$ cat entry.cif   # mmCIF, C-alpha atoms
data_target
loop_
_atom_site.label_atom_id
_atom_site.label_comp_id
_atom_site.auth_asym_id
_atom_site.auth_seq_id
_atom_site.Cartn_x
_atom_site.Cartn_y
_atom_site.Cartn_z
CA MET A 1 33.73 -17.23 -14.61
CA ASN A 2 35.11 -14.21 -12.70
CA ASN A 3 35.52 -12.25 -15.95
CA ALA A 4 31.92 -13.07 -16.88
CA GLN A 5 30.38 -11.92 -13.63
CA LEU A 6 27.11 -10.08 -14.11
CA GLN A 7 26.60 -6.76 -12.35
CA LEU A 8 22.96 -5.82 -12.28
CA GLN A 9 21.91 -2.39 -11.11
CA VAL A 10 18.22 -1.66 -10.72
CA VAL A 11 16.99 1.81 -9.94
CA ILE A 12 13.25 2.23 -9.42
CA SER A 13 11.81 5.68 -9.00
CA PHE A 14 8.43 5.95 -7.23
CA THR A 15 7.56 9.62 -7.25
CA ALA A 16 4.36 8.87 -5.36
CA LEU A 17 6.35 7.02 -2.73
CA PRO A 18 9.85 8.52 -2.27
CA LEU A 19 10.82 6.43 0.74
CA LEU A 20 10.08 3.25 -1.17
CA GLY A 21 12.30 4.40 -4.00
CA GLN A 22 15.10 5.07 -1.53
CA ASN A 23 14.71 1.62 -0.05
CA LEU A 24 15.03 -0.06 -3.47
CA ARG A 25 18.52 1.32 -3.97
CA SER A 26 21.16 -0.02 -6.34
CA LEU A 27 21.65 -3.76 -6.11
CA SER A 28 24.82 -5.47 -7.27
CA SER A 29 25.54 -9.16 -6.92
CA PRO A 30 26.49 -12.26 -8.93
CA PRO A 31 23.63 -14.40 -10.26
CA SER A 32 23.97 -16.97 -7.50
CA ALA A 33 23.29 -14.38 -4.81
CA MET A 34 20.44 -12.57 -6.46
CA THR A 35 17.71 -14.32 -4.52
CA THR A 36 19.32 -13.55 -1.16
CA VAL A 37 18.92 -9.78 -1.26
CA ALA A 38 16.12 -8.58 1.00
CA PRO A 39 16.12 -5.00 2.31
CA PRO A 40 14.71 -4.62 5.79
CA ALA A 41 10.99 -3.88 5.90
CA ALA A 42 11.37 -1.72 9.00
CA ALA A 43 13.32 0.93 7.04
CA VAL A 44 10.32 1.99 4.98
CA HIS A 45 7.09 3.58 6.09
CA ILE A 46 4.21 4.07 3.67
CA ASP A 47 0.83 5.68 4.06
CA LEU A 48 -2.60 5.20 2.56
CA TRP A 49 -2.66 8.29 0.34
CA PRO A 50 0.25 7.36 -1.97
CA ILE A 51 -1.40 3.98 -2.53
CA LEU A 52 -4.70 5.64 -3.43
CA SER A 53 -2.90 8.10 -5.70
CA GLU A 54 -1.00 5.36 -7.53
CA SER A 55 -4.11 3.24 -8.01
CA LYS A 56 -5.96 6.29 -9.35
CA ARG A 57 -3.21 6.87 -11.93
CA ILE A 58 -3.44 3.29 -13.15
CA ILE A 59 -7.22 3.53 -13.49
CA ASN A 60 -7.01 6.85 -15.33
CA ALA A 61 -4.34 5.50 -17.69
CA HIS A 62 -6.70 2.73 -18.82
CA SER A 63 -10.01 4.45 -18.16
CA ARG A 64 -11.98 2.76 -20.96
CA HIS A 65 -10.70 -0.67 -19.98
CA PHE A 66 -11.71 -0.29 -16.33
CA LEU A 67 -15.00 1.31 -17.33
CA ALA A 68 -15.82 -1.77 -19.40
CA LEU A 69 -14.92 -4.11 -16.52
CA SER A 70 -16.95 -2.01 -14.11
CA VAL A 71 -20.00 -2.16 -16.35
CA LEU A 72 -19.64 -5.93 -16.76
CA PHE A 73 -18.99 -6.94 -13.15
CA LEU A 74 -19.29 -4.00 -10.74
CA LEU A 75 -22.40 -2.28 -12.07
CA PRO A 76 -24.66 -5.34 -11.42
CA LEU A 77 -23.22 -5.51 -7.91
CA SER A 78 -23.66 -1.81 -7.18
CA PHE A 79 -27.18 -1.79 -8.61
CA SER A 80 -28.13 -4.76 -6.45
CA PHE A 81 -26.73 -3.02 -3.35
CA SER A 82 -28.79 0.08 -4.11
CA ALA A 83 -32.01 -1.70 -5.10
CA TYR A 84 -32.00 -4.46 -2.47
CA PRO A 85 -33.54 -2.36 0.35
CA PHE A 86 -36.36 -1.33 -1.98
CA ILE A 87 -37.06 -4.89 -3.20
CA ASN A 88 -36.76 -6.26 0.32
CA GLN A 89 -39.35 -3.71 1.45
CA LEU A 90 -41.73 -4.96 -1.23
CA PHE A 91 -41.43 -8.52 0.09
CA SER A 92 -41.88 -7.33 3.67
CA GLN A 93 -45.24 -5.79 2.80
CA SER A 94 -46.63 -9.23 2.01
CA SER A 95 -46.72 -10.02 5.80
CA PRO A 96 -44.90 -13.37 5.85
CA PRO A 97 -46.15 -16.01 8.27
CA SER A 98 -44.85 -15.91 11.82
CA ILE A 99 -42.62 -18.54 13.43
CA GLU A 100 -45.67 -20.18 15.01
CA THR A 101 -47.25 -20.51 11.58
CA HIS A 102 -44.12 -22.08 10.12
CA PHE A 103 -43.96 -24.78 12.81
CA SER A 104 -47.69 -25.32 13.36
CA PHE A 105 -47.64 -28.45 11.15
CA LEU A 106 -45.50 -30.15 13.81
CA TYR A 107 -48.47 -30.05 16.18
CA ASN A 108 -51.00 -30.85 13.49
CA PRO A 109 -49.71 -33.69 11.25
CA LEU A 110 -52.69 -33.37 8.94
CA GLN A 111 -51.65 -29.86 8.02
CA ASN A 112 -49.31 -29.48 5.07
CA PRO A 113 -45.94 -27.82 5.77
CA PRO A 114 -45.90 -24.16 4.75
CA ILE A 115 -44.33 -23.20 1.46
CA PHE A 116 -40.82 -21.72 1.72
CA PRO A 117 -41.37 -17.93 1.78
CA ILE A 118 -40.37 -16.20 -1.44
CA LYS A 119 -38.60 -13.52 0.58
CA TYR A 120 -36.07 -16.04 1.90
CA PHE A 121 -35.62 -17.55 -1.54
CA PHE A 122 -34.93 -14.10 -2.97
CA THR A 123 -32.38 -13.41 -0.22
CA LEU A 124 -30.52 -16.62 -1.02
CA LEU A 125 -30.45 -15.77 -4.72
CA TYR A 126 -29.24 -12.28 -3.91
CA ILE A 127 -26.35 -13.59 -1.76
CA LEU A 128 -25.35 -16.05 -4.47
CA PHE A 129 -25.49 -13.32 -7.13
CA VAL A 130 -23.33 -10.95 -5.07
CA PHE A 131 -20.80 -13.68 -4.28
CA ILE A 132 -20.36 -14.78 -7.90
CA PHE A 133 -20.02 -11.29 -9.35
CA SER A 134 -17.64 -10.28 -6.55
CA LEU A 135 -15.28 -13.08 -7.52
CA PHE A 136 -15.50 -12.17 -11.21
CA ALA A 137 -14.80 -8.51 -10.43
CA THR A 138 -11.87 -9.39 -8.17
CA GLY A 139 -10.24 -11.65 -10.74
CA SER A 140 -10.55 -9.28 -13.70
CA ILE A 141 -9.71 -5.97 -11.99
CA THR A 142 -6.81 -7.35 -9.94
CA TYR A 143 -5.32 -8.85 -13.09
CA SER A 144 -5.65 -5.55 -14.95
CA VAL A 145 -4.19 -3.40 -12.17
CA PHE A 146 -1.26 -5.80 -11.73
CA HIS A 147 -0.33 -5.59 -15.41
CA GLY A 148 -1.03 -1.87 -15.52
CA PHE A 149 1.40 -1.36 -12.65
CA TYR A 150 4.20 -2.79 -14.83
CA GLY A 151 3.06 -0.73 -17.82
CA ARG A 152 2.01 -3.78 -19.79
CA PRO A 153 -0.94 -3.47 -22.19
CA VAL A 154 -4.19 -4.46 -20.54
CA LYS A 155 -6.73 -6.17 -22.77
CA LEU A 156 -10.38 -6.71 -22.03
CA VAL A 157 -10.39 -10.28 -23.34
CA SER A 158 -7.44 -11.25 -21.13
CA ALA A 159 -9.07 -9.64 -18.08
CA ILE A 160 -12.34 -11.51 -18.65
CA LYS A 161 -10.38 -14.74 -19.14
CA SER A 162 -8.61 -14.10 -15.83
CA ALA A 163 -12.00 -13.62 -14.15
CA PHE A 164 -13.05 -17.13 -15.16
CA THR A 165 -9.70 -18.88 -14.60
CA SER A 166 -9.31 -17.43 -11.11
CA PHE A 167 -12.95 -18.05 -10.12
CA PHE A 168 -12.52 -21.48 -8.55
CA PRO A 169 -9.21 -20.64 -6.80
CA LEU A 170 -10.87 -17.57 -5.32
CA LEU A 171 -13.89 -19.65 -4.39
CA SER A 172 -11.76 -22.24 -2.57
CA THR A 173 -9.85 -19.52 -0.73
CA CYS A 174 -13.08 -17.83 0.36
CA LEU A 175 -14.42 -21.17 1.59
CA VAL A 176 -11.27 -21.70 3.66
CA MET A 177 -11.68 -18.23 5.15
CA GLU A 178 -15.32 -18.92 5.97
CA LEU A 179 -14.43 -22.25 7.57
CA ILE A 180 -11.85 -20.56 9.79
CA LEU A 181 -14.30 -17.85 10.83
CA SER A 182 -17.04 -20.41 11.41
CA GLY A 183 -14.69 -22.44 13.59
CA ILE A 184 -13.90 -19.38 15.68
CA LEU A 185 -17.61 -18.62 16.01
CA VAL A 186 -18.30 -22.20 17.14
CA ILE A 187 -15.53 -22.00 19.75
CA LEU A 188 -16.89 -18.72 21.11
CA GLY A 189 -20.39 -20.19 21.13
CA LEU A 190 -19.23 -23.21 23.11
CA ILE A 191 -17.50 -20.93 25.61
CA PHE A 192 -20.69 -18.88 25.91
CA LEU A 193 -22.85 -21.96 26.46
CA GLY A 194 -20.30 -23.31 28.94
CA LEU A 195 -20.53 -20.15 31.01
CA LEU A 196 -24.32 -20.38 31.04
CA LYS A 197 -24.17 -24.03 32.08
CA LEU A 198 -21.68 -23.22 34.82
CA THR A 199 -23.95 -20.46 36.08
CA GLN A 200 -26.86 -22.91 36.30
CA VAL A 201 -24.71 -25.56 38.03
CA LEU A 202 -23.72 -23.02 40.67
CA GLY A 203 -27.41 -22.53 41.44
CA PHE A 204 -28.03 -19.18 39.74
CA GLN A 205 -31.15 -18.56 37.69
CA VAL A 206 -30.47 -17.30 34.16
CA ASN A 207 -32.87 -14.58 33.09
CA TYR A 208 -32.57 -14.31 29.32
CA ALA A 209 -34.31 -10.94 29.32
CA SER A 210 -32.03 -9.37 31.93
CA PRO A 211 -29.58 -6.61 30.91
CA TYR A 212 -26.70 -8.71 32.27
CA PHE A 213 -27.43 -11.54 29.86
CA LEU A 214 -27.81 -9.10 26.95
CA SER A 215 -24.54 -7.43 27.92
CA LEU A 216 -22.78 -10.80 27.92
CA CYS A 217 -24.15 -11.53 24.44
CA LEU A 218 -22.92 -8.14 23.28
CA VAL A 219 -19.43 -8.82 24.68
CA PHE A 220 -19.18 -12.10 22.77
CA LEU A 221 -20.47 -10.44 19.59
CA ILE A 222 -17.93 -7.61 19.84
CA THR A 223 -15.16 -10.14 20.53
CA PHE A 224 -16.05 -12.08 17.42
CA MET A 225 -16.20 -8.91 15.29
CA LEU A 226 -12.76 -7.80 16.54
CA ILE A 227 -11.30 -11.20 15.70
CA VAL A 228 -12.83 -11.05 12.23
CA PHE A 229 -11.48 -7.54 11.66
CA TYR A 230 -8.00 -8.56 12.80
CA LEU A 231 -8.00 -11.56 10.47
CA GLN A 232 -9.19 -9.39 7.61
CA ILE A 233 -6.14 -7.17 8.17
CA LYS A 234 -3.84 -10.18 7.98
CA TRP A 235 -5.68 -11.52 4.92
CA SER A 236 -5.66 -8.22 3.02
CA PHE A 237 -3.63 -9.64 0.12
CA ALA A 238 -5.19 -13.11 0.00
CA GLN A 239 -7.35 -12.53 -3.07
CA VAL A 240 -4.59 -10.64 -4.88
CA VAL A 241 -2.20 -13.52 -4.21
CA VAL A 242 -4.74 -15.96 -5.68
CA VAL A 243 -4.98 -13.98 -8.93
CA VAL A 244 -1.36 -12.91 -9.31
CA GLU A 245 0.53 -15.90 -7.91
CA SER A 246 -1.95 -18.61 -8.98
CA SER A 247 -2.31 -20.17 -5.55
CA TRP A 248 -5.45 -21.20 -3.71
CA GLY A 249 -6.85 -22.52 -0.45
CA LEU A 250 -4.82 -21.92 2.70
CA GLU A 251 -1.62 -20.87 0.94
CA PRO A 252 -2.80 -17.32 -0.01
CA LEU A 253 -3.74 -16.68 3.63
CA LYS A 254 -0.24 -17.62 4.80
CA ARG A 255 1.33 -15.58 2.01
CA SER A 256 -0.80 -12.55 2.88
CA LYS A 257 0.14 -12.87 6.55
CA ASN A 258 3.82 -12.67 5.60
CA LEU A 259 3.42 -9.75 3.22
CA VAL A 260 1.35 -7.65 5.62
CA ARG A 261 3.94 -8.02 8.38
CA GLY A 262 5.05 -4.53 9.41
CA LEU A 263 2.24 -2.93 7.37
CA LYS A 264 -0.79 -3.69 9.54
CA ARG A 265 -1.32 0.01 10.20
CA VAL A 266 -1.72 0.72 6.48
CA SER A 267 -3.97 -2.30 6.03
CA PHE A 268 -6.09 -1.16 8.96
CA SER A 269 -6.35 2.35 7.49
CA MET A 270 -7.44 0.98 4.12
CA LEU A 271 -10.14 -1.26 5.59
CA LEU A 272 -11.37 1.58 7.80
CA PHE A 273 -11.35 4.10 4.94
CA PHE A 274 -13.31 2.03 2.43
CA GLY A 275 -15.46 0.41 5.11
CA LEU A 276 -16.56 3.81 6.41
CA PHE A 277 -17.57 5.08 3.00
CA SER A 278 -19.32 1.82 2.11
CA GLY A 279 -21.22 1.84 5.41
CA ILE A 280 -22.39 5.42 4.91
CA LEU A 281 -23.49 4.63 1.37
CA MET A 282 -25.38 1.53 2.49
CA TRP A 283 -27.14 3.56 5.16
CA VAL A 284 -28.09 6.18 2.57
CA SER A 285 -29.38 3.45 0.25
CA ALA A 286 -31.49 1.84 2.98
CA ALA A 287 -32.83 5.08 4.45
CA GLY A 288 -36.12 6.54 3.39
CA TRP A 289 -38.03 3.39 2.41
CA ASP A 290 -41.44 3.14 4.04
CA ASN A 291 -44.64 1.21 3.45
CA ALA A 292 -45.28 3.16 0.26
CA ALA A 293 -42.15 1.77 -1.39
CA ALA A 294 -44.21 -0.14 -3.95
CA VAL A 295 -45.11 3.03 -5.84
CA LYS A 296 -41.72 4.74 -5.59
CA TRP A 297 -40.27 3.07 -8.67
CA LYS A 298 -42.23 5.54 -10.79
CA ASN A 299 -40.77 8.50 -8.92
CA SER A 300 -37.93 10.37 -10.67
CA ALA A 301 -36.29 11.05 -7.31
CA PHE A 302 -36.20 7.32 -6.62
CA ILE A 303 -34.61 6.60 -10.00
CA LEU A 304 -32.04 9.33 -9.43
CA HIS A 305 -31.32 7.87 -5.98
CA ILE A 306 -30.68 4.40 -7.44
CA VAL A 307 -28.47 5.76 -10.22
CA LEU A 308 -26.31 7.91 -7.92
CA THR A 309 -25.83 5.30 -5.23
CA SER A 310 -25.05 2.64 -7.85
CA ALA A 311 -22.39 4.86 -9.41
CA LEU A 312 -20.84 5.60 -6.03
CA PHE A 313 -20.86 1.93 -5.05
CA MET A 314 -19.16 1.04 -8.33
CA SER A 315 -16.50 3.71 -7.85
CA ILE A 316 -15.75 2.61 -4.27
CA MET A 317 -15.42 -1.07 -5.21
CA LEU A 318 -13.16 -0.30 -8.18
CA SER A 319 -10.95 1.95 -6.04
CA TYR A 320 -10.72 -0.67 -3.30
CA LEU A 321 -9.69 -3.50 -5.64
CA ALA A 322 -7.13 -1.29 -7.38
CA ALA A 323 -5.71 0.07 -4.12
CA THR A 324 -5.37 -3.43 -2.65
CA THR A 325 -3.40 -4.58 -5.69
CA VAL A 326 -1.10 -1.55 -5.57
CA PHE A 327 -0.64 -2.06 -1.83
CA TYR A 328 0.36 -5.66 -2.57
CA MET A 329 3.01 -4.47 -5.04
CA TYR A 330 4.40 -1.93 -2.55
CA SER A 331 4.52 -4.60 0.12
CA LYS A 332 6.51 -6.88 -2.18
CA ALA A 333 8.92 -4.02 -2.88
CA ILE A 334 9.38 -3.31 0.83
CA HIS A 335 10.10 -6.99 1.50
CA GLY A 336 12.69 -7.06 -1.26
CA GLU A 337 10.74 -9.08 -3.82
CA LEU A 338 9.89 -6.50 -6.47
CA ALA A 339 13.30 -5.26 -7.61
CA TRP A 340 14.42 -8.52 -9.20
CA GLU A 341 11.03 -9.05 -10.84
CA ILE A 342 11.31 -5.68 -12.56
CA ALA A 343 14.93 -6.41 -13.50
CA GLU A 344 13.92 -9.69 -15.12
CA GLU A 345 10.92 -8.06 -16.79
CA PHE A 346 12.93 -5.33 -18.49
CA ALA A 347 16.42 -6.80 -18.77
CA ARG A 348 18.73 -5.27 -21.43
CA GLU A 349 16.41 -2.28 -21.89
CA TYR A 350 15.82 1.22 -20.64
CA VAL A 351 12.10 1.40 -20.04
CA SER A 352 9.80 4.23 -19.07
CA LEU A 353 6.34 3.10 -18.02
CA PRO A 354 3.74 5.82 -18.54
CA PHE A 355 0.69 5.55 -16.36
CA ASP A 356 -1.25 8.57 -17.44
CA ASP A 357 -1.01 11.89 -19.21
CA GLU A 358 0.82 12.96 -16.06
CA LYS A 359 3.63 10.57 -17.11
CA VAL A 360 4.75 9.25 -13.76
CA PRO A 361 7.66 6.98 -14.76
CA HIS A 362 8.99 3.81 -13.19
CA VAL A 363 12.59 3.92 -14.53
CA VAL A 364 14.48 0.65 -14.80
CA SER A 365 18.11 0.67 -15.88
CA VAL A 366 20.20 -2.46 -16.45
CA VAL A 367 23.98 -2.26 -16.66
CA TYR A 368 26.23 -5.14 -17.73
CA GLY A 369 29.91 -5.21 -16.95
#
$ encode --input "entry.cif" --output "structure tokens"
Amino acid sequence: MNNAQLQLQVVISFTALPLLGQNLRSLSSPPSAMTTVAPPAAAVHIDLWPILSESKRIINAHSRHFLALSVLFLLPLSFSFSAYPFINQLFSQSSPPSIETHFSFLYNPLQNPPIFPIKYFFTLLYILFVFIFSLFATGSITYSVFHGFYGRPVKLVSAIKSAFTSFFPLLSTCLVMELILSGILVILGLIFLGLLKLTQVLGFQVNYASPYFLSLCLVFLITFMLIVFYLQIKWSFAQVVVVVESSWGLEPLKRSKNLVRGLKRVSFSMLLFFGLFSGILMWVSAAGWDNAAAVKWKNSAFILHIVLTSALFMSIMLSYLAATTVFYMYSKAIHGELAWEIAEEFAREYVSLPFDDEKVPHVVSVVYG
């Protein structure tokens, strides 16, 4: 078997990320030791901009494909984000009953319970609509970017199929995330109530309108938001793992935690970057609606406002999903997982993977001896 030893040399050139290319240097080992090679993650440092640049190249290389996916799944989402403040303003003008009106039938049994307000029903439908289309968009676009990264052909039918096959795994993973966050919120709430009870036991009067009480509420709210943000950093790759690695539930969260190790700064930068732009765009969408919103749908300025904000929302969501997938691939490379996958993908061949007219190659060479 010594004469038949396999020497495998993989050279990957990332022009958008030179340090990553240096880290994935030549690898040579017998087949039995292939799975033991893992370059140290601390030797490589990546930034946000190469990730954004690489994801942009993949989108531009398959522009019609991603445009079709955006129209199918992202455009309804972006339009709903832009139009929701306007529609919500229309419902608000109907002067819904107050809390006293809703619960007045408890004091008067002869009175029929009030009908569930249509505004709340619309809000529930809106949340359900956004949630479903978000999962479809995540499944299809992540699948396409992952295959586009390897230079494989991306087909619209396969991407739509991936959106449906990954829907329930994504749904289960999101439910697990929500359960974890809800559990944290319950724990913080119990601590908050315990402090209030302790204050009353010690003989102090709790004034719920005092600035001290409001400050305490604000502290607990900020604490919860910081915990959520930190967990979002650790779960950055969870949805990508669901689509690419076909896992679900708690496993993608653990996998994401391992992959993001040493790269929390980049994950934080990505969440801050896209979160800032999304927040500004949401504020722009919600600003300017007044009590005369009912007649604004006939205004050309209003239509232009909806169209522009919808297009920007769609662009931001597409860029975020693509950048997250590319970031996932870079993280796998840094942790020593990508080199052997590319070697197996293109064994016995010299392959150049064009991404765009700019022709940024990922060169893979395999040598047998």
$ atom_distance --input "entry.cif" --atom1 "CA of His62 in chain A" --atom2 "CA of Tyr320 in chain A"
16.4 Å
$ resolve_selection --input "entry.cif" --expression "the PyMOL selection byres ((chain A and resi 120-131) around 9)" --output "list in words"
Pro76, Leu77, Ser80, Phe81, Tyr84, Asn88, Phe116, Pro117, Ile118, Lys119, Ile132, Phe133, Ser134, Leu135 and Phe136 of chain A
$ resolve_selection --input "entry.cif" --expression "the PyMOL selection byres ((chain A and resi 246-258) around 10)" --output "ChimeraX atom specification"
/A:165-166,168-177,231-245,259-262,264,328,331,335
$ closest_residue --input "entry.cif" --among "A:Leu226, A:Leu48, A:Leu67, A:Ala286" --to "Ile87 in chain A" --atoms "all atoms listed in the file"
A:Ala286
$ closest_residue --input "entry.cif" --among "A:Gly183, A:Gly151, A:Gly275, A:Gly139" --to "Ala163 in chain A" --atoms "all atoms listed in the file"
A:Gly139
$ atom_distance --input "entry.cif" --atom1 "CA of Met282 in chain A" --atom2 "CA of Ser269 in chain A"
19.7 Å
$ atom_distance --input "entry.cif" --atom1 "CA of Leu263 in chain A" --atom2 "CA of Tyr230 in chain A"
12.9 Å
$ axis_aligned_box --input "entry.cif" --around "range 250-260 of chain A" --padding-each-side "8 Å" --output "JSON"
{"center_x": -0.5, "center_y": -14.8, "center_z": 3.3, "size_x": 24.6, "size_y": 30.3, "size_z": 22.6}
$ resolve_selection --input "entry.cif" --expression "the PyMOL selection byres ((chain A and resi 305-316) around 9)" --output "PyMOL selection string"
chain A and resi 70-71+74-83+274+277-278+281-282+284-285+300-304+317-321
$ closest_residue --input "entry.cif" --among "A:Gly194, A:Val201, A:Arg265, A:Leu185" --to "Met225 in chain A" --atoms "only C-alpha atoms"
A:Leu185
$ closest_residue --input "entry.cif" --among "A:Ile59, A:Leu156, A:Lys197, A:Phe146" --to "Leu72 in chain A" --atoms "only C-alpha atoms"
A:Leu156
$ closest_residue --input "entry.cif" --among "A:Val145, A:Leu216, A:Leu193, A:Met270" --to "Trp49 in chain A" --atoms "all atoms listed in the file"
A:Met270
$ decode --input "entry.cif" --residues "range 294-333 of chain A" --atoms "C-alpha atoms" --output "JSON list (two decimals), in the first residue's frame"
[["chain", "number", "residue", "atom", "x", "y", "z"],
["A", 294, "ALA", "CA", -56.63, 57.11, 3.56],
["A", 295, "VAL", "CA", -56.39, 59.36, 0.51],
["A", 296, "LYS", "CA", -52.64, 59.04, -0.06],
["A", 297, "TRP", "CA", -52.87, 55.89, -2.14],
["A", 298, "LYS", "CA", -53.93, 58.05, -5.09],
["A", 299, "ASN", "CA", -50.88, 60.29, -4.70],
["A", 300, "SER", "CA", -48.00, 59.66, -7.12],
["A", 301, "ALA", "CA", -45.50, 60.56, -4.40],
["A", 302, "PHE", "CA", -46.97, 57.86, -2.18],
["A", 303, "ILE", "CA", -46.72, 55.26, -4.95],
["A", 304, "LEU", "CA", -43.12, 56.27, -5.65],
["A", 305, "HIS", "CA", -42.37, 56.02, -1.92],
["A", 306, "ILE", "CA", -43.75, 52.46, -1.76],
["A", 307, "VAL", "CA", -41.88, 51.38, -4.89],
["A", 308, "LEU", "CA", -38.51, 52.78, -3.78],
["A", 309, "THR", "CA", -38.66, 51.47, -0.23],
["A", 310, "SER", "CA", -39.82, 48.05, -1.46],
["A", 311, "ALA", "CA", -36.88, 47.85, -3.87],
["A", 312, "LEU", "CA", -34.43, 48.86, -1.15],
["A", 313, "PHE", "CA", -35.89, 46.36, 1.30],
["A", 314, "MET", "CA", -35.60, 43.61, -1.31],
["A", 315, "SER", "CA", -31.98, 44.50, -2.06],
["A", 316, "ILE", "CA", -31.01, 44.55, 1.63],
["A", 317, "MET", "CA", -32.63, 41.18, 2.36],
["A", 318, "LEU", "CA", -31.03, 39.55, -0.69],
["A", 319, "SER", "CA", -27.61, 40.94, 0.24],
["A", 320, "TYR", "CA", -27.97, 39.77, 3.84],
["A", 321, "LEU", "CA", -28.92, 36.19, 2.91],
["A", 322, "ALA", "CA", -26.12, 35.97, 0.35],
["A", 323, "ALA", "CA", -23.52, 37.49, 2.69],
["A", 324, "THR", "CA", -24.48, 35.11, 5.51],
["A", 325, "THR", "CA", -24.03, 32.10, 3.23],
["A", 326, "VAL", "CA", -20.64, 33.34, 2.01],
["A", 327, "PHE", "CA", -19.61, 34.04, 5.59],
["A", 328, "TYR", "CA", -20.57, 30.47, 6.46],
["A", 329, "MET", "CA", -18.32, 29.14, 3.67],
["A", 330, "TYR", "CA", -15.39, 31.31, 4.80],
["A", 331, "SER", "CA", -15.88, 30.13, 8.37],
["A", 332, "LYS", "CA", -15.76, 26.50, 7.23],
["A", 333, "ALA", "CA", -12.54, 27.24, 5.33]]
